[in-house]
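Novice: Before I ask anything, let me first share the structure, which is written out below as structure tokens.
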Protein chains: 2
Amino acid sequence: MEQLRKAIEDQGVGIGLDVVKVDMFLNHRIDTGLLFAMGEAWAEEFRSEKPDLVLTVEASGIAMAVAAAHALGDIPVVFAKKSAAVTNSGDVVEAPVYSFTHKTQNHIRVDRKYLPEGSRVLIIDDFLADGQAVHGLMSLCEQRKAKVVGVGIAIEKGFQPGGEELRKAGVHLKSLAIVDAIEDGKIRLREED
Amino acid sequence: MEQLRKAIEDQGVGIGLDVVKVDMFLNHRIDTGLLFAMGEAWAEEFRSEKPDLVLTVEASGIAMAVAAAHALGDIPVVFAKKSAAVTNSGDVVEAPVYSFTHKTQNHIRVDRKYLPEGSRVLIIDDFLADGQAVHGLMSLCEQRKAKVVGVGIAIEKGFQPGGEELRKAGVHLKSLAIVDAIEDGKIRLREED
């Protein structure tokens with residue numbers, strides 16, 4: 001998606017070999033115009049899959065999930081939580097997710113009643129690298145007998161295996177930008193098809 | 001705001017004396033249509049204050065901040081973070097916030113460059129009870145010499161002091177619904193003006 005690619009090229013910062021810092025427009029400060037354009041791009045890709053809810057994980061996935069759900073006609077958003085709050089009912093499904101950013105193992109969880117059996121789920125997240133978060137979200141859907149009809153990602157790290165594994169498994173995956181490498185602080189993007 | 005009041009009355013659950021559980025449409029599952037109607041209601045209230053960014057705190061404030069920012073013409077959203085990630089620059093302003101939901105003391109932080117000196121800030125959050133989160137966000141703005149032009153809240157707990165304190169201090173506060181009491185699991189809402 002050209003608008004996201006341009007934002008990454010103009011404002012993104014590569015750190016080391018694998019960190020893509022985009023917190024000036026996506027992960028800390030949000031460029032709202034870009035966000036809703038991304039929502040439209042995912043909606044165009046996945047409308048034919050007829051999702052009836054968007055699933056993501058807190059925190060930085062929420063804005064993107066909301067934009068996609070809005071573009072798909074205001075379907076509901078459900079975000080998996082990383083910590084148990086006193087308001088949790090306890091009637092949840094859970095999956096483990098390792099965060100490479102925070103170097104921690106989390107459990108993500110969703111209240112069973114917000115992920116109904118038979119629902120058609122579009123998973124949206126900001127990054128796809130090793131695929132830990134997406135696999136956790138897919139596990140939640142599997143436990144609830146909900147169908148994952150698509151996975152929409154903002155930025156895929158093409159040099160890590162998560163994206164290729166999902167494509168090989170036949171998952172309908174759309175990454176709006178794919179980073180092929182980080183070289184001397186420069187982010188090299190894959191050409192679009 | 002009638003649509004939010006109706007959602008609280010139809011779906012909200014009161015727990016004990018002070019917990020308002022609205023995670024079926026606001027805090028875990030999001031009713032996207034309602035969310036964007038809330039964004040329009042805040043935009044109507046605060047458009048004349050000419051905010052140039054919306055500030056909130058992760059995680060559950062993000063969806064509401066995005067909806068408000070969209071209705072205000074796609075102005076940027078900045079969300080304060082609760083934990084230091086490896087991508088943080090370290091050049092941040094911080095404030096302490098006690099969470100009554102999680103019974104924990106957090107520090108919230110914003111990268112200084114995303115809260116520019118002189119900016120006109122609309123603070124958006126889901127709940128206002130003791131006012132801890134709002135005061136933390138106001139402290140971040142004060143440290144950056146940014147002006148808080150308004151505070152938009154989804155649900156104010158009118159039986160806790162945060163809202164009245166802000167109004168007495170002359171803050172332009174708009175709560176879309178005010179809960180006066182929780183009695184035997186029922187949520188009693190204040191009549192609208």
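Chain lettering (A, B, ...) mirrors the order of the structure tokens, residue numbering begins at 1 for each chain separately, and ligand numbering begins at 1 in order of display.
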Which residues are near region 62-70 of chain B? Cut-off 7 Å, only C-alpha atoms, ignore same chain within fewer than 6 positions. Put them as a PDB file with N, CA and C atoms, in the first residue's frame.

Specialist:
```pdb
ATOM      1  N   THR A  32      -3.810   9.560  11.809  1.00  0.00           N
ATOM      2  CA  THR A  32      -5.194   9.072  11.722  1.00  0.00           C
ATOM      3  C   THR A  32      -5.661   8.929  10.278  1.00  0.00           C
ATOM      4  N   ILE A  62      -5.210  -2.273  18.352  1.00  0.00           N
ATOM      5  CA  ILE A  62      -6.598  -1.827  18.493  1.00  0.00           C
ATOM      6  C   ILE A  62      -6.969  -0.765  17.461  1.00  0.00           C
ATOM      7  N   ALA A  63      -6.113   0.238  17.282  1.00  0.00           N
ATOM      8  CA  ALA A  63      -6.450   1.324  16.348  1.00  0.00           C
ATOM      9  C   ALA A  63      -6.669   0.764  14.944  1.00  0.00           C
ATOM     10  N   VAL A  66      -9.930  -1.196  14.617  1.00  0.00           N
ATOM     11  CA  VAL A  66     -11.080  -0.283  14.579  1.00  0.00           C
ATOM     12  C   VAL A  66     -11.238   0.311  13.170  1.00  0.00           C
TER      13      VAL A  66
ATOM     14  N   LEU B  35     -19.155   3.246  18.814  1.00  0.00           N
ATOM     15  CA  LEU B  35     -17.862   3.910  19.000  1.00  0.00           C
ATOM     16  C   LEU B  35     -17.761   5.168  18.133  1.00  0.00           C
ATOM     17  N   PHE B  36     -18.135   5.043  16.855  1.00  0.00           N
ATOM     18  CA  PHE B  36     -17.995   6.201  15.969  1.00  0.00           C
ATOM     19  C   PHE B  36     -19.067   7.258  16.249  1.00  0.00           C
ATOM     20  N   GLY B  39     -17.508   9.158  18.960  1.00  0.00           N
ATOM     21  CA  GLY B  39     -16.503  10.061  18.390  1.00  0.00           C
ATOM     22  C   GLY B  39     -17.145  11.337  17.870  1.00  0.00           C
ATOM     23  N   GLU B  40     -18.290  11.196  17.199  1.00  0.00           N
ATOM     24  CA  GLU B  40     -19.011  12.370  16.673  1.00  0.00           C
ATOM     25  C   GLU B  40     -19.499  13.258  17.817  1.00  0.00           C
ATOM     26  N   TRP B  42     -18.184  13.637  20.842  1.00  0.00           N
ATOM     27  CA  TRP B  42     -17.058  14.403  21.399  1.00  0.00           C
ATOM     28  C   TRP B  42     -16.614  15.499  20.434  1.00  0.00           C
ATOM     29  N   ALA B  43     -16.605  15.174  19.131  1.00  0.00           N
ATOM     30  CA  ALA B  43     -16.166  16.169  18.141  1.00  0.00           C
ATOM     31  C   ALA B  43     -17.088  17.385  18.165  1.00  0.00           C
ATOM     32  N   VAL B  54      -5.252  14.311  19.836  1.00  0.00           N
ATOM     33  CA  VAL B  54      -6.008  13.608  20.874  1.00  0.00           C
ATOM     34  C   VAL B  54      -5.019  12.758  21.654  1.00  0.00           C
ATOM     35  N   THR B  56      -4.516   9.910  24.777  1.00  0.00           N
ATOM     36  CA  THR B  56      -5.164   8.930  25.641  1.00  0.00           C
ATOM     37  C   THR B  56      -4.089   8.024  26.232  1.00  0.00           C
ATOM     38  N   PRO B  76      -4.068  13.823  14.629  1.00  0.00           N
ATOM     39  CA  PRO B  76      -3.307  12.694  15.174  1.00  0.00           C
ATOM     40  C   PRO B  76      -3.796  12.255  16.559  1.00  0.00           C
ATOM     41  N   VAL B  77      -3.550  10.992  16.857  1.00  0.00           N
ATOM     42  CA  VAL B  77      -3.765  10.422  18.190  1.00  0.00           C
ATOM     43  C   VAL B  77      -2.393  10.101  18.787  1.00  0.00           C
ATOM     44  N   PHE B  79      -1.001   7.933  22.132  1.00  0.00           N
ATOM     45  CA  PHE B  79      -1.379   7.198  23.338  1.00  0.00           C
ATOM     46  C   PHE B  79      -0.179   7.010  24.250  1.00  0.00           C
ATOM     47  N   ILE B 124      -8.923  12.023  25.846  1.00  0.00           N
ATOM     48  CA  ILE B 124     -10.078  11.110  25.745  1.00  0.00           C
ATOM     49  C   ILE B 124      -9.771   9.870  26.571  1.00  0.00           C
TER      50      ILE B 124
END
```

Novice: Find the residues of chain B in contact range of chain A, meaning any atom within 9 Å when counting only C-alpha atoms, and list them as a PyMOL selection string.

Specialist: chain B and resi 15+19-21+23-25+27-34+36+58-60+62-63+65-67+69-70+73-81+84-88+101-102+110-111+113-114

Novice: Excluding Val121 (chain A) and residues on its chain fewer than 3 positions from it, collect all residues at most 9 Å away from it, counting only C-alpha atoms, and give them as a ChimeraX atom specification.

Specialist: /A:50-55,115,141,146-151

Novice: Could the residues in this selection be written to a file with C-alpha atoms, as a JSON list (two decimals), in the first residue's frame?

Specialist:
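File written: part03.json
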```json
[["chain", "number", "residue", "atom", "x", "y", "z"],
["A", 50, "LYS", "CA", -17.60, -11.68, 4.73],
["A", 51, "PRO", "CA", -15.96, -11.39, 8.17],
["A", 52, "ASP", "CA", -18.41, -10.73, 10.97],
["A", 53, "LEU", "CA", -15.86, -9.55, 13.51],
["A", 54, "VAL", "CA", -12.30, -8.23, 13.68],
["A", 55, "LEU", "CA", -9.98, -9.79, 16.26],
["A", 115, "LEU", "CA", -15.85, -15.04, 20.03],
["A", 141, "CYS", "CA", -10.42, -18.98, 17.21],
["A", 146, "ALA", "CA", -14.55, -19.80, 14.87],
["A", 147, "LYS", "CA", -13.23, -19.56, 11.29],
["A", 148, "VAL", "CA", -10.27, -17.30, 10.48],
["A", 149, "VAL", "CA", -11.21, -15.90, 7.05],
["A", 150, "GLY", "CA", -8.20, -13.60, 6.74],
["A", 151, "VAL", "CA", -5.18, -12.04, 8.40]]
```

Novice: Quick check, in Å to one decimal: how far apart do CA of Ile182 (chain B) and CA of Met38 (chain B) lie?

Specialist: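 Going from CA of Ile182 (chain B) over to CA of Met38 (chain B) covers 23.0 Å.
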
Novice: Fewer than 5 positions away in the same chain doesn't count, so skip those; otherwise give me all residues within 6 Å of Asp180 (chain B), counting only C-alpha atoms, as a PyMOL selection string.

Specialist: chain B and resi 158-159+188-190

Novice: Please save N, CA and C atoms of the selected residues as an mmCIF file, in the first residue's frame.

Specialist:
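Result file out01.cif:
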```cif
data_model
loop_
_atom_site.group_PDB
_atom_site.id
_atom_site.type_symbol
_atom_site.label_atom_id
_atom_site.label_comp_id
_atom_site.auth_asym_id
_atom_site.auth_seq_id
_atom_site.Cartn_x
_atom_site.Cartn_y
_atom_site.Cartn_z
ATOM 1 N N GLY B 158 -20.195 9.200 38.745
ATOM 2 C CA GLY B 158 -20.571 10.450 39.404
ATOM 3 C C GLY B 158 -20.490 10.381 40.918
ATOM 4 N N PHE B 159 -20.363 9.153 41.447
ATOM 5 C CA PHE B 159 -20.265 8.970 42.905
ATOM 6 C C PHE B 159 -18.814 8.963 43.366
ATOM 7 N N ARG B 188 -27.488 2.951 37.879
ATOM 8 C CA ARG B 188 -28.410 4.088 37.815
ATOM 9 C C ARG B 188 -27.688 5.254 37.148
ATOM 10 N N LEU B 189 -28.225 5.696 36.005
ATOM 11 C CA LEU B 189 -27.614 6.783 35.234
ATOM 12 C C LEU B 189 -28.221 8.128 35.608
ATOM 13 N N ARG B 190 -27.396 9.165 35.608
ATOM 14 C CA ARG B 190 -27.884 10.538 35.845
ATOM 15 C C ARG B 190 -28.679 10.983 34.609
#
```

Novice: Grab the CA of Leu4 (chain B) to CA of Leu122 (chain A) distance for me, in Å with one decimal place.

Specialist: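 Atom-to-atom, CA of Leu4 (chain B) to CA of Leu122 (chain A), that is 25.9 Å.
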
Novice: Using backbone DSSP assignments, extract all strand (DSSP E or B) residues from region 43-128 of chain A; output them as a PyMOL selection string.

Specialist: chain A and resi 53-57+77-81+92-99+104-111+120-128

Novice: Write out as a ChimeraX atom specification which residues come within 9 Å of Lys157 (chain B) when counting only C-alpha atoms, dropping same-chain ones fewer than 3 positions away.

Specialist: /B:18,20,127-130,160-163,177-181

Novice: At what distance in Å, to one decimal, does CA of His135 (chain B) lie from CA of Pro116 (chain B)?

Specialist: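 Going from CA of Pro116 (chain B) over to CA of His135 (chain B) covers 18.5 Å.
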
Novice: May I have all residues of region 60-191 of chain A that DSSP, computed from the backbone, assigns to alpha helix (DSSP H), given as a PyMOL selection string?

Specialist: chain A and resi 61-71+132-143+162-168

Novice: Find the residues around Leu140 (chain A) up to 8 Å (only C-alpha atoms counted), leave out those fewer than 4 positions away in its own chain, and share them as a JSON list (two decimals) with N, CA and C atoms, in the first residue's frame.

Specialist:
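Saved the output as around.json:
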```json
[["chain", "number", "residue", "atom", "x", "y", "z"],
["A", 93, "VAL", "N", -10.99, -18.19, 26.76],
["A", 93, "VAL", "CA", -10.01, -19.05, 26.10],
["A", 93, "VAL", "C", -8.68, -18.31, 26.11],
["A", 94, "GLU", "N", -7.59, -19.07, 26.20],
["A", 94, "GLU", "CA", -6.26, -18.49, 26.36],
["A", 94, "GLU", "C", -5.28, -19.11, 25.38],
["A", 95, "ALA", "N", -4.22, -18.36, 25.08],
["A", 95, "ALA", "CA", -3.11, -18.91, 24.28],
["A", 95, "ALA", "C", -1.83, -18.19, 24.69],
["A", 109, "ARG", "N", -5.97, -13.61, 26.11],
["A", 109, "ARG", "CA", -7.24, -14.27, 26.44],
["A", 109, "ARG", "C", -8.42, -13.47, 25.92],
["A", 110, "VAL", "N", -9.46, -14.19, 25.59],
["A", 110, "VAL", "CA", -10.72, -13.58, 25.13],
["A", 110, "VAL", "C", -11.85, -14.27, 25.87],
["A", 136, "GLY", "N", -1.25, -17.14, 18.18],
["A", 136, "GLY", "CA", -2.03, -17.09, 19.42],
["A", 136, "GLY", "C", -3.49, -16.75, 19.14],
["A", 144, "ARG", "N", -12.53, -21.86, 19.90],
["A", 144, "ARG", "CA", -13.95, -21.47, 19.90],
["A", 144, "ARG", "C", -14.68, -21.96, 18.65]]
```
